[in-house]
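Novice: The structure file work_14.json (JSON, C-alpha atoms and all ligand atoms) is provided below.
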```json
[["chain", "number", "residue", "atom", "x", "y", "z"],
["A", 1, "MET", "CA", 13.30, 24.72, -3.44],
["A", 2, "ASN", "CA", 10.41, 24.45, -5.88],
["A", 3, "ILE", "CA", 9.50, 20.83, -6.47],
["A", 4, "PRO", "CA", 6.53, 19.99, -8.71],
["A", 5, "PHE", "CA", 4.45, 17.11, -7.35],
["A", 6, "TYR", "CA", 1.15, 15.26, -7.72],
["A", 7, "LYS", "CA", -1.02, 14.42, -4.74],
["A", 8, "MET", "CA", -2.82, 11.17, -5.53],
["A", 9, "THR", "CA", -5.10, 8.78, -3.72],
["A", 10, "GLY", "CA", -5.51, 5.07, -4.33],
["A", 11, "SER", "CA", -8.87, 4.30, -2.71],
["A", 12, "GLY", "CA", -7.95, 6.44, 0.31],
["A", 13, "ASN", "CA", -4.26, 5.49, 0.59],
["A", 14, "ASP", "CA", -2.61, 8.82, -0.34],
["A", 15, "PHE", "CA", 0.75, 9.63, -1.87],
["A", 16, "ILE", "CA", 3.00, 12.48, -2.96],
["A", 17, "ILE", "CA", 4.51, 11.64, -6.35],
["A", 18, "ILE", "CA", 7.57, 13.42, -7.73],
["A", 19, "ASP", "CA", 9.15, 12.94, -11.14],
["A", 20, "ASN", "CA", 12.84, 12.42, -10.36],
["A", 21, "ARG", "CA", 13.97, 11.35, -13.84],
["A", 22, "ASP", "CA", 16.11, 14.52, -13.92],
["A", 23, "GLY", "CA", 17.68, 13.68, -10.52],
["A", 24, "LYS", "CA", 16.42, 16.86, -8.81],
["A", 25, "MET", "CA", 15.78, 14.98, -5.55],
["A", 26, "ASN", "CA", 19.22, 13.37, -5.40],
["A", 27, "ASP", "CA", 20.83, 16.09, -3.27],
["A", 28, "ILE", "CA", 17.97, 16.21, -0.77],
["A", 29, "ASN", "CA", 18.22, 14.45, 2.59],
["A", 30, "LEU", "CA", 15.20, 12.20, 2.10],
["A", 31, "SER", "CA", 15.11, 10.81, 5.64],
["A", 32, "GLU", "CA", 14.46, 14.37, 6.88],
["A", 33, "PHE", "CA", 12.37, 15.56, 3.93],
["A", 34, "ILE", "CA", 9.85, 12.70, 3.73],
["A", 35, "PRO", "CA", 8.49, 12.67, 7.32],
["A", 36, "LYS", "CA", 8.18, 16.48, 7.14],
["A", 37, "VAL", "CA", 6.31, 16.68, 3.85],
["A", 38, "CYS", "CA", 4.12, 13.65, 4.71],
["A", 39, "ALA", "CA", 3.01, 15.16, 8.05],
["A", 40, "ARG", "CA", -0.68, 15.97, 8.03],
["A", 41, "CYS", "CA", -2.03, 19.44, 8.93],
["A", 42, "VAL", "CA", 1.39, 21.13, 8.96],
["A", 43, "SER", "CA", 2.51, 20.15, 5.45],
["A", 44, "VAL", "CA", 1.12, 18.31, 2.40],
["A", 45, "GLY", "CA", 0.37, 15.11, 4.32],
["A", 46, "ALA", "CA", 0.39, 11.59, 2.87],
["A", 47, "ASP", "CA", 0.84, 7.90, 3.74],
["A", 48, "GLY", "CA", 3.85, 7.69, 1.46],
["A", 49, "LEU", "CA", 6.09, 9.37, -1.09],
["A", 50, "ILE", "CA", 7.06, 8.01, -4.50],
["A", 51, "LEU", "CA", 9.97, 9.05, -6.70],
["A", 52, "ILE", "CA", 9.63, 8.13, -10.38],
["A", 53, "GLU", "CA", 13.02, 7.40, -11.94],
["A", 54, "ASN", "CA", 14.58, 6.13, -15.17],
["A", 55, "SER", "CA", 14.95, 2.42, -15.82],
["A", 56, "ASP", "CA", 17.25, 0.74, -18.35],
["A", 57, "ASN", "CA", 14.90, -2.23, -18.72],
["A", 58, "VAL", "CA", 11.24, -1.23, -18.41],
["A", 59, "ASP", "CA", 9.15, 1.97, -18.56],
["A", 60, "PHE", "CA", 10.40, 3.42, -15.28],
["A", 61, "LYS", "CA", 11.52, 2.50, -11.79],
["A", 62, "TRP", "CA", 10.32, 3.87, -8.48],
["A", 63, "GLN", "CA", 11.57, 4.47, -4.99],
["A", 64, "PHE", "CA", 8.76, 4.02, -2.46],
["A", 65, "PHE", "CA", 8.89, 5.50, 1.04],
["A", 66, "ASN", "CA", 6.43, 5.27, 3.92],
["A", 67, "SER", "CA", 5.44, 8.51, 5.65],
["A", 68, "ASP", "CA", 8.07, 7.96, 8.37],
["A", 69, "GLY", "CA", 10.78, 7.90, 5.67],
["A", 70, "SER", "CA", 11.33, 4.12, 5.73],
["A", 71, "VAL", "CA", 11.77, 2.30, 2.43],
["A", 72, "ALA", "CA", 9.18, -0.36, 1.53],
["A", 73, "GLU", "CA", 9.75, -3.07, -1.06],
["A", 74, "MET", "CA", 6.30, -2.59, -2.60],
["A", 75, "CYS", "CA", 2.96, -0.78, -2.25],
["A", 76, "GLY", "CA", -0.17, -1.94, -4.08],
["A", 77, "ASN", "CA", -2.15, 1.31, -4.02],
["A", 78, "GLY", "CA", 0.98, 3.37, -4.61],
["A", 79, "SER", "CA", 1.76, 1.25, -7.66],
["A", 80, "ARG", "CA", -1.65, 2.03, -9.15],
["A", 81, "CYS", "CA", -1.09, 5.76, -8.54],
["A", 82, "ALA", "CA", 2.45, 5.64, -9.96],
["A", 83, "ALA", "CA", 1.17, 3.88, -13.09],
["A", 84, "ARG", "CA", -1.50, 6.54, -13.68],
["A", 85, "PHE", "CA", 1.08, 9.30, -13.00],
["A", 86, "ALA", "CA", 3.37, 7.71, -15.61],
["A", 87, "TYR", "CA", 0.54, 7.47, -18.13],
["A", 88, "LEU", "CA", -0.64, 11.06, -17.56],
["A", 89, "ASN", "CA", 2.90, 12.37, -17.93],
["A", 90, "GLY", "CA", 3.74, 10.42, -21.10],
["A", 91, "ILE", "CA", 6.30, 8.24, -19.32],
["A", 92, "ALA", "CA", 4.44, 5.04, -20.29],
["A", 93, "GLY", "CA", 1.53, 3.89, -22.45],
["A", 94, "LYS", "CA", -1.66, 2.23, -21.21],
["A", 95, "LYS", "CA", 0.18, -1.02, -20.55],
["A", 96, "MET", "CA", 3.44, -0.67, -18.70],
["A", 97, "ALA", "CA", 5.99, -2.31, -16.45],
["A", 98, "PHE", "CA", 8.11, -0.76, -13.73],
["A", 99, "GLU", "CA", 10.82, -1.78, -11.31],
["A", 100, "THR", "CA", 10.32, -2.02, -7.54],
["A", 101, "ILE", "CA", 12.48, -3.66, -4.86],
["A", 102, "ALA", "CA", 9.95, -6.53, -4.79],
["A", 103, "GLY", "CA", 10.30, -7.10, -8.55],
["A", 104, "ILE", "CA", 8.74, -5.95, -11.83],
["A", 105, "ILE", "CA", 5.13, -4.72, -11.57],
["A", 106, "GLU", "CA", 2.91, -4.80, -14.65],
["A", 107, "ALA", "CA", 0.11, -2.25, -14.82],
["A", 108, "GLU", "CA", -2.75, -1.39, -17.11],
["A", 109, "ILE", "CA", -4.72, 1.84, -17.30],
["A", 110, "MET", "CA", -8.41, 0.90, -17.37],
["A", 111, "ASP", "CA", -11.60, 2.97, -17.83],
["A", 112, "GLY", "CA", -12.17, 6.10, -15.76],
["A", 113, "PHE", "CA", -9.60, 6.45, -13.01],
["A", 114, "ASN", "CA", -9.10, 2.70, -12.69],
["A", 115, "VAL", "CA", -5.73, 0.98, -12.78],
["A", 116, "LYS", "CA", -5.06, -2.77, -12.58],
["A", 117, "VAL", "CA", -1.69, -4.08, -11.43],
["A", 118, "GLN", "CA", -0.19, -7.53, -11.34],
["A", 119, "LEU", "CA", 1.72, -7.91, -8.10],
["A", 120, "THR", "CA", 4.77, -10.11, -7.63],
["A", 121, "ASP", "CA", 4.12, -13.75, -6.73],
["A", 122, "PRO", "CA", 3.22, -14.13, -3.04],
["A", 123, "PHE", "CA", 5.49, -16.13, -0.72],
["A", 124, "ASP", "CA", 5.99, -17.05, 2.96],
["A", 125, "GLU", "CA", 2.37, -18.16, 3.26],
["A", 126, "LYS", "CA", 1.35, -19.51, 6.67],
["A", 127, "ILE", "CA", -2.35, -20.16, 7.34],
["A", 128, "ASP", "CA", -3.91, -20.26, 10.81],
["A", 129, "TYR", "CA", -1.31, -20.39, 13.54],
["A", 130, "LYS", "CA", -1.41, -19.25, 17.14],
["A", 131, "LEU", "CA", 0.21, -16.03, 18.30],
["A", 132, "ASN", "CA", 0.42, -15.04, 21.93],
["A", 133, "LEU", "CA", -0.13, -11.30, 22.26],
["A", 134, "ASN", "CA", 0.31, -10.12, 25.84],
["A", 135, "GLY", "CA", -1.33, -13.30, 27.19],
["A", 136, "GLU", "CA", -4.14, -13.36, 24.60],
["A", 137, "GLU", "CA", -4.06, -16.22, 22.08],
["A", 138, "LEU", "CA", -4.87, -15.04, 18.55],
["A", 139, "THR", "CA", -5.31, -17.16, 15.40],
["A", 140, "VAL", "CA", -3.44, -15.40, 12.61],
["A", 141, "SER", "CA", -2.18, -16.06, 9.07],
["A", 142, "SER", "CA", 0.68, -14.38, 7.26],
["A", 143, "ILE", "CA", 1.90, -13.90, 3.71],
["A", 144, "ASN", "CA", 4.25, -11.64, 1.77],
["A", 145, "THR", "CA", 2.56, -9.95, -1.21],
["A", 146, "GLY", "CA", 5.54, -7.67, -1.91],
["A", 147, "VAL", "CA", 5.69, -6.60, 1.73],
["A", 148, "PRO", "CA", 4.93, -8.71, 4.83],
["A", 149, "HIS", "CA", 1.34, -9.00, 6.06],
["A", 150, "VAL", "CA", -0.47, -10.65, 8.95],
["A", 151, "VAL", "CA", -4.19, -11.35, 8.46],
["A", 152, "VAL", "CA", -6.72, -11.78, 11.29],
["A", 153, "GLU", "CA", -10.47, -12.48, 11.02],
["A", 154, "VAL", "CA", -12.55, -10.53, 13.55],
["A", 155, "ASP", "CA", -16.27, -10.45, 14.46],
["A", 156, "ASP", "CA", -16.89, -6.74, 15.02],
["A", 157, "ILE", "CA", -14.79, -5.11, 12.30],
["A", 158, "GLU", "CA", -16.35, -1.65, 12.68],
["A", 159, "ASN", "CA", -15.51, -1.31, 16.38],
["A", 160, "PHE", "CA", -12.30, -3.38, 16.45],
["A", 161, "ASP", "CA", -9.28, -1.62, 17.99],
["A", 162, "VAL", "CA", -7.05, -1.78, 14.88],
["A", 163, "VAL", "CA", -4.36, 0.50, 16.32],
["A", 164, "LYS", "CA", -3.96, -1.42, 19.61],
["A", 165, "TYR", "CA", -3.90, -4.93, 18.10],
["A", 166, "GLY", "CA", -2.20, -3.81, 14.89],
["A", 167, "ARG", "CA", 0.65, -2.16, 16.76],
["A", 168, "GLY", "CA", 0.96, -5.14, 19.12],
["A", 169, "ILE", "CA", 1.34, -7.60, 16.23],
["A", 170, "ARG", "CA", 3.48, -5.24, 14.08],
["A", 171, "PHE", "CA", 6.09, -5.03, 16.87],
["A", 172, "HIS", "CA", 5.66, -8.64, 18.13],
["A", 173, "GLU", "CA", 9.06, -10.33, 18.49],
["A", 174, "PHE", "CA", 7.97, -13.12, 16.11],
["A", 175, "TYR", "CA", 8.01, -10.68, 13.14],
["A", 176, "GLN", "CA", 11.23, -8.84, 13.91],
["A", 177, "PRO", "CA", 13.45, -7.37, 12.61],
["A", 178, "ALA", "CA", 11.41, -6.50, 9.51],
["A", 179, "GLY", "CA", 8.08, -6.03, 11.31],
["A", 180, "THR", "CA", 4.80, -6.52, 9.47],
["A", 181, "ASN", "CA", 1.64, -4.82, 8.26],
["A", 182, "VAL", "CA", -1.51, -6.16, 9.94],
["A", 183, "ASN", "CA", -4.96, -6.63, 8.36],
["A", 184, "PHE", "CA", -8.23, -7.30, 10.14],
["A", 185, "PHE", "CA", -11.19, -8.54, 8.11],
["A", 186, "LYS", "CA", -14.79, -9.69, 8.15],
["A", 187, "LYS", "CA", -16.90, -11.22, 5.40],
["A", 188, "ILE", "CA", -19.67, -8.74, 4.48],
["A", 189, "GLY", "CA", -21.05, -10.22, 1.24],
["A", 190, "GLU", "CA", -20.85, -13.34, -0.90],
["A", 191, "ASN", "CA", -17.33, -12.61, -2.17],
["A", 192, "LYS", "CA", -16.83, -9.35, -0.31],
["A", 193, "LEU", "CA", -14.64, -8.49, 2.68],
["A", 194, "LYS", "CA", -14.30, -5.42, 4.86],
["A", 195, "VAL", "CA", -10.57, -4.91, 5.51],
["A", 196, "ARG", "CA", -8.89, -2.51, 7.94],
["A", 197, "THR", "CA", -5.09, -2.30, 7.93],
["A", 198, "TYR", "CA", -2.45, -1.13, 10.40],
["A", 199, "GLU", "CA", 0.52, -0.12, 8.25],
["A", 200, "ARG", "CA", 4.16, -0.45, 9.10],
["A", 201, "GLY", "CA", 5.97, 2.84, 8.39],
["A", 202, "VAL", "CA", 2.82, 4.90, 8.82],
["A", 203, "GLU", "CA", 2.35, 3.35, 12.29],
["A", 204, "ASN", "CA", -1.39, 3.81, 12.13],
["A", 205, "GLU", "CA", -4.49, 2.55, 10.37],
["A", 206, "THR", "CA", -4.55, 3.77, 6.78],
["A", 207, "MET", "CA", -7.73, 4.26, 4.75],
["A", 208, "ALA", "CA", -6.78, 1.40, 2.38],
["A", 209, "CYS", "CA", -3.90, -0.99, 1.73],
["A", 210, "GLY", "CA", -3.46, -2.71, -1.63],
["A", 211, "THR", "CA", -0.94, -5.43, -0.77],
["A", 212, "GLY", "CA", -2.93, -5.94, 2.47],
["A", 213, "SER", "CA", -6.17, -6.39, 0.54],
["A", 214, "VAL", "CA", -4.45, -8.95, -1.68],
["A", 215, "ALA", "CA", -2.93, -10.75, 1.35],
["A", 216, "THR", "CA", -6.35, -10.86, 3.04],
["A", 217, "SER", "CA", -8.04, -12.15, -0.12],
["A", 218, "ILE", "CA", -5.47, -14.95, -0.52],
["A", 219, "VAL", "CA", -5.96, -16.03, 3.10],
["A", 220, "ALA", "CA", -9.77, -15.81, 2.89],
["A", 221, "VAL", "CA", -9.83, -17.83, -0.35],
["A", 222, "LYS", "CA", -7.49, -20.47, 1.15],
["A", 223, "LYS", "CA", -9.80, -20.75, 4.17],
["A", 224, "GLY", "CA", -12.85, -21.18, 1.88],
["A", 225, "ILE", "CA", -14.48, -17.94, 3.07],
["A", 226, "VAL", "CA", -14.72, -16.27, -0.38],
["A", 227, "LYS", "CA", -13.93, -16.97, -4.04],
["A", 228, "SER", "CA", -12.00, -14.83, -6.55],
["A", 229, "PRO", "CA", -12.62, -12.13, -7.70],
["A", 230, "VAL", "CA", -12.85, -10.71, -4.19],
["A", 231, "GLU", "CA", -14.36, -7.30, -3.53],
["A", 232, "ILE", "CA", -12.73, -5.34, -0.71],
["A", 233, "GLU", "CA", -14.41, -2.53, 1.16],
["A", 234, "THR", "CA", -11.58, -0.39, 2.52],
["A", 235, "SER", "CA", -11.67, 1.87, 5.60],
["A", 236, "SER", "CA", -12.37, 4.84, 3.30],
["A", 237, "GLY", "CA", -15.47, 3.02, 2.04],
["A", 238, "LEU", "CA", -13.96, 2.88, -1.48],
["A", 239, "LEU", "CA", -13.68, -0.50, -3.15],
["A", 240, "LEU", "CA", -10.78, -2.58, -4.44],
["A", 241, "LYS", "CA", -10.99, -5.76, -6.50],
["A", 242, "VAL", "CA", -8.57, -8.66, -6.14],
["A", 243, "TYR", "CA", -8.22, -11.36, -8.79],
["A", 244, "LEU", "CA", -6.41, -14.62, -7.98],
["A", 245, "GLU", "CA", -5.80, -16.46, -11.25],
["A", 246, "ASN", "CA", -3.52, -19.49, -11.60],
["A", 247, "GLY", "CA", -1.19, -18.40, -8.81],
["A", 248, "LYS", "CA", -1.01, -14.82, -10.18],
["A", 249, "VAL", "CA", -2.46, -11.89, -8.22],
["A", 250, "TYR", "CA", -4.02, -8.70, -9.57],
["A", 251, "LEU", "CA", -5.31, -5.60, -7.80],
["A", 252, "GLU", "CA", -7.73, -3.13, -9.39],
["A", 253, "GLY", "CA", -9.20, 0.12, -8.17],
["A", 254, "GLU", "CA", -9.30, 3.83, -8.64],
["A", 255, "ALA", "CA", -6.18, 6.01, -8.61],
["A", 256, "ARG", "CA", -7.18, 9.67, -8.64],
["A", 257, "VAL", "CA", -5.17, 12.88, -8.91],
["A", 258, "VAL", "CA", -6.35, 15.10, -6.04],
["A", 259, "TYR", "CA", -4.20, 18.08, -7.03],
["A", 260, "THR", "CA", -0.90, 19.00, -8.59],
["A", 261, "GLY", "CA", 1.33, 21.64, -7.06],
["A", 262, "VAL", "CA", 4.78, 23.03, -6.50],
["A", 263, "LEU", "CA", 6.26, 22.36, -3.08],
["A", 264, "ASN", "CA", 7.31, 25.55, -1.36],
["A", 265, "ARG", "CA", 10.20, 25.73, 1.13],
["A", 266, "GLU", "CA", 7.67, 26.86, 3.74],
["A", 267, "ALA", "CA", 6.07, 23.38, 3.56],
["A", 268, "LEU", "CA", 9.12, 22.12, 5.48],
["A", 269, "GLU", "CA", 9.72, 25.09, 7.80],
["A", 270, "TYR", "CA", 8.04, 24.03, 11.00],
["B", 301, "LIG", "N1", -0.10, 0.95, 1.44],
["B", 301, "LIG", "C1", 0.64, -0.01, 0.76],
["B", 301, "LIG", "C2", 1.74, -0.71, 1.50],
["B", 301, "LIG", "C3", 2.90, 0.26, 1.78],
["B", 301, "LIG", "C4", 4.11, -0.37, 2.44],
["B", 301, "LIG", "C5", 3.90, -0.79, 3.86],
["B", 301, "LIG", "N2", 3.49, 0.27, 4.72],
["B", 301, "LIG", "C6", 5.15, -1.47, 4.38],
["B", 301, "LIG", "O1", 6.05, -0.81, 4.92],
["B", 301, "LIG", "O2", 5.24, -2.69, 4.24],
["B", 301, "LIG", "C7", -0.19, -0.85, -0.16],
["B", 301, "LIG", "O3", -1.20, -0.31, -0.69],
["B", 301, "LIG", "O4", 0.16, -1.97, -0.46]]
```
Would you encode the structure as structure tokens?
Specialist:
Amino acid sequence: MNIPFYKMTGSGNDFIIIDNRDGKMNDINLSEFIPKVCARCVSVGADGLILIENSDNVDFKWQFFNSDGSVAEMCGNGSRCAARFAYLNGIAGKKMAFETIAGIIEAEIMDGFNVKVQLTDPFDEKIDYKLNLNGEELTVSSINTGVPHVVVEVDDIENFDVVKYGRGIRFHEFYQPAGTNVNFFKKIGENKLKVRTYERGVENETMACGTGSVATSIVAVKKGIVKSPVEIETSSGLLLKVYLENGKVYLEGEARVVYTGVLNREALEY
């Protein structure tokens, strides 16, 4: 097994990207392969894996998987990385469109390593409701920006226990069976938020979440906390920008190639 891949990072959210237009991954048992290759320290390590495939309608289509092998309908940072991968490999021009389970994503390659994507229209918005978490009453909001998100404002964002509360809300009966991603935020500038996200399918805090940053921005704008464009400081310290324009949502930020390689069989033999 020699599989060429790109390792990319979208503001700290990292992905393995494989060109599967020739179908080379079709005989592989992905539910075993993905958790193995996404495991940190013993293999490549990543928050998710993306297969780039042919589309009859637009530039390409993708299959997106979380690091545990679960399928997600959409990923904001992954979509920026996939768009840059497609551009670098001649699959698409600077402006492109691709198919996801959530719908068609439009992307534009900007200056430097930057990529801007237009996400699908948000739905299932619910602002400020009470959630009982093990006897503690929390005020939360929720919205689907391609995947489901809960958004919670907190005072001490740096020291907040994202894994404990994130996991509690992610598995709360109210959000089952799909579960949810969970974002915690604090205003840190005029139109700037610090956002930390517990991600479904990674089952941990990730260093950035694109759809989560958009979900948080929508909630914070609705609550009058900030105005668009909203700057997001992610857990990695790298920035994302969210534009909310006439009901449409856009996410911009860097999408860098960390390295390219060929996956060796030994990467899975542990
Ligand atoms: N990191 C992503 C979201 C990936 C999917 C998510 N973990 C889920 O299962 O809903 C992003 O940047 O949006």
Novice: Looking at A:Gly201, A:Gly45, A:Gly179, A:Pro229, which one is nearest to ligand LIG 301 (chain B), with distances taken over only C-alpha atoms and all ligand atoms?
Specialist: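 Using only C-alpha atoms and all ligand atoms, ligand LIG 301 (chain B) sits closest to A:Gly201.
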Novice: Find the residues near ligand LIG 301 (chain B). Use a cut-off of 10 Å, count all atoms listed in the file, and write them as a short mmCIF file (atom, residue, chain, number, x, y, z; two decimals) with C-alpha atoms, in the frame of the given file.
Specialist:
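So selection.cif came out as:
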```cif
data_model
loop_
_atom_site.label_atom_id
_atom_site.label_comp_id
_atom_site.auth_asym_id
_atom_site.auth_seq_id
_atom_site.Cartn_x
_atom_site.Cartn_y
_atom_site.Cartn_z
CA GLY A 10 -5.51 5.07 -4.33
CA SER A 11 -8.87 4.30 -2.71
CA GLY A 12 -7.95 6.44 0.31
CA ASN A 13 -4.26 5.49 0.59
CA ASP A 14 -2.61 8.82 -0.34
CA PHE A 15 0.75 9.63 -1.87
CA ASP A 47 0.84 7.90 3.74
CA GLY A 48 3.85 7.69 1.46
CA PHE A 64 8.76 4.02 -2.46
CA PHE A 65 8.89 5.50 1.04
CA ASN A 66 6.43 5.27 3.92
CA SER A 67 5.44 8.51 5.65
CA ASP A 68 8.07 7.96 8.37
CA GLY A 69 10.78 7.90 5.67
CA SER A 70 11.33 4.12 5.73
CA VAL A 71 11.77 2.30 2.43
CA ALA A 72 9.18 -0.36 1.53
CA GLU A 73 9.75 -3.07 -1.06
CA MET A 74 6.30 -2.59 -2.60
CA CYS A 75 2.96 -0.78 -2.25
CA GLY A 76 -0.17 -1.94 -4.08
CA ASN A 77 -2.15 1.31 -4.02
CA GLY A 78 0.98 3.37 -4.61
CA SER A 79 1.76 1.25 -7.66
CA ARG A 80 -1.65 2.03 -9.15
CA CYS A 81 -1.09 5.76 -8.54
CA LEU A 119 1.72 -7.91 -8.10
CA ASN A 144 4.25 -11.64 1.77
CA THR A 145 2.56 -9.95 -1.21
CA GLY A 146 5.54 -7.67 -1.91
CA VAL A 147 5.69 -6.60 1.73
CA PRO A 148 4.93 -8.71 4.83
CA HIS A 149 1.34 -9.00 6.06
CA ALA A 178 11.41 -6.50 9.51
CA GLY A 179 8.08 -6.03 11.31
CA THR A 180 4.80 -6.52 9.47
CA ASN A 181 1.64 -4.82 8.26
CA VAL A 182 -1.51 -6.16 9.94
CA THR A 197 -5.09 -2.30 7.93
CA TYR A 198 -2.45 -1.13 10.40
CA GLU A 199 0.52 -0.12 8.25
CA ARG A 200 4.16 -0.45 9.10
CA GLY A 201 5.97 2.84 8.39
CA VAL A 202 2.82 4.90 8.82
CA GLU A 203 2.35 3.35 12.29
CA ASN A 204 -1.39 3.81 12.13
CA THR A 206 -4.55 3.77 6.78
CA MET A 207 -7.73 4.26 4.75
CA ALA A 208 -6.78 1.40 2.38
CA CYS A 209 -3.90 -0.99 1.73
CA GLY A 210 -3.46 -2.71 -1.63
CA THR A 211 -0.94 -5.43 -0.77
CA GLY A 212 -2.93 -5.94 2.47
CA SER A 213 -6.17 -6.39 0.54
CA VAL A 214 -4.45 -8.95 -1.68
CA ALA A 215 -2.93 -10.75 1.35
CA LEU A 251 -5.31 -5.60 -7.80
#
```
Novice: Using only C-alpha atoms, which residue out of A:Thr9, A:Asn134, A:Asn2, A:Thr139 lies closest to Phe171 of chain A?
Specialist: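 Ranked by minimum distance to Phe171 of chain A, first place goes to A:Asn134.
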Novice: Around the point (-12.4, -19.5, 2.8) (coordinates from the file), which residues reach within 12 Å if we count all atoms listed in the file? Answer as a VMD selection string.
Specialist: chain A and resid 127 to 128 153 186 to 187 190 to 193 216 to 228 230
Novice: For the atom pair atom CA of Ile50 of chain A and atom CA of Gly90 of chain A, what is the interatomic distance in Å to one decimal place?
Specialist: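 Taking atom CA of Ile50 of chain A and atom CA of Gly90 of chain A, their separation equals 17.1 Å.
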Novice: Find the distance between atom CA of Glu99 of chain A and atom CA of Ile52 of chain A and write it in Å to one decimal.
Specialist: 10.0 Å
Novice: Do you have the atom CA of Arg265 of chain A-atom CA of Tyr6 of chain A distance handy?
Specialist: 16.4 Å
Novice: Taking only C-alpha atoms into account, name the residue in A:Leu138, A:Met96, A:Ile3, A:Ala255 that is nearest to Ile169 of chain A.
Specialist: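 Answer, going by the shortest atom-to-atom distance: A:Leu138.
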Novice: Just the residues within 12 Å of Glu137 of chain A, please, counting all atoms listed in the file, with nothing from its chain fewer than 5 positions along; format it as a ChimeraX atom specification.
Specialist: /A:128-132,152,165,169
Novice: Let me make sure I understand: among A:Leu88, A:Arg196, A:Ile188, A:Pro122, which one has the smallest atom-to-atom distance to Val151 of chain A if we use all atoms listed in the file?
Specialist: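 Residue with the minimum atom-to-atom distance to Val151 of chain A: A:Arg196.
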Novice: For Ile18 of chain A, find every residue with an atom within 6 Å (counting all atoms listed in the file), except residues of its own chain fewer than 2 positions away, and show them as a ChimeraX atom specification.
Specialist: /A:5,20,51
Novice: Env of Gly93 of chain A: 10 Å cut, atoms = only C-alpha atoms, seq-sep filter 2 positions within chain, self excluded. Answer as a list in words.
Specialist: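 Here the qualifying residues turn out to be Asp59, Ala83, Arg84, Ala86, Tyr87, Leu88, Asn89, Gly90, Ile91, Lys95, Met96, Ala97, Ala107, Glu108 and Ile109 of chain A.
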Novice: Go through A:Asn159, A:Asn114, A:Ser236, A:Asn183 and flag the residue nearest Val257 of chain A, using only C-alpha atoms for the distances.
Specialist: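 Using only C-alpha atoms, Val257 of chain A sits closest to A:Asn114.
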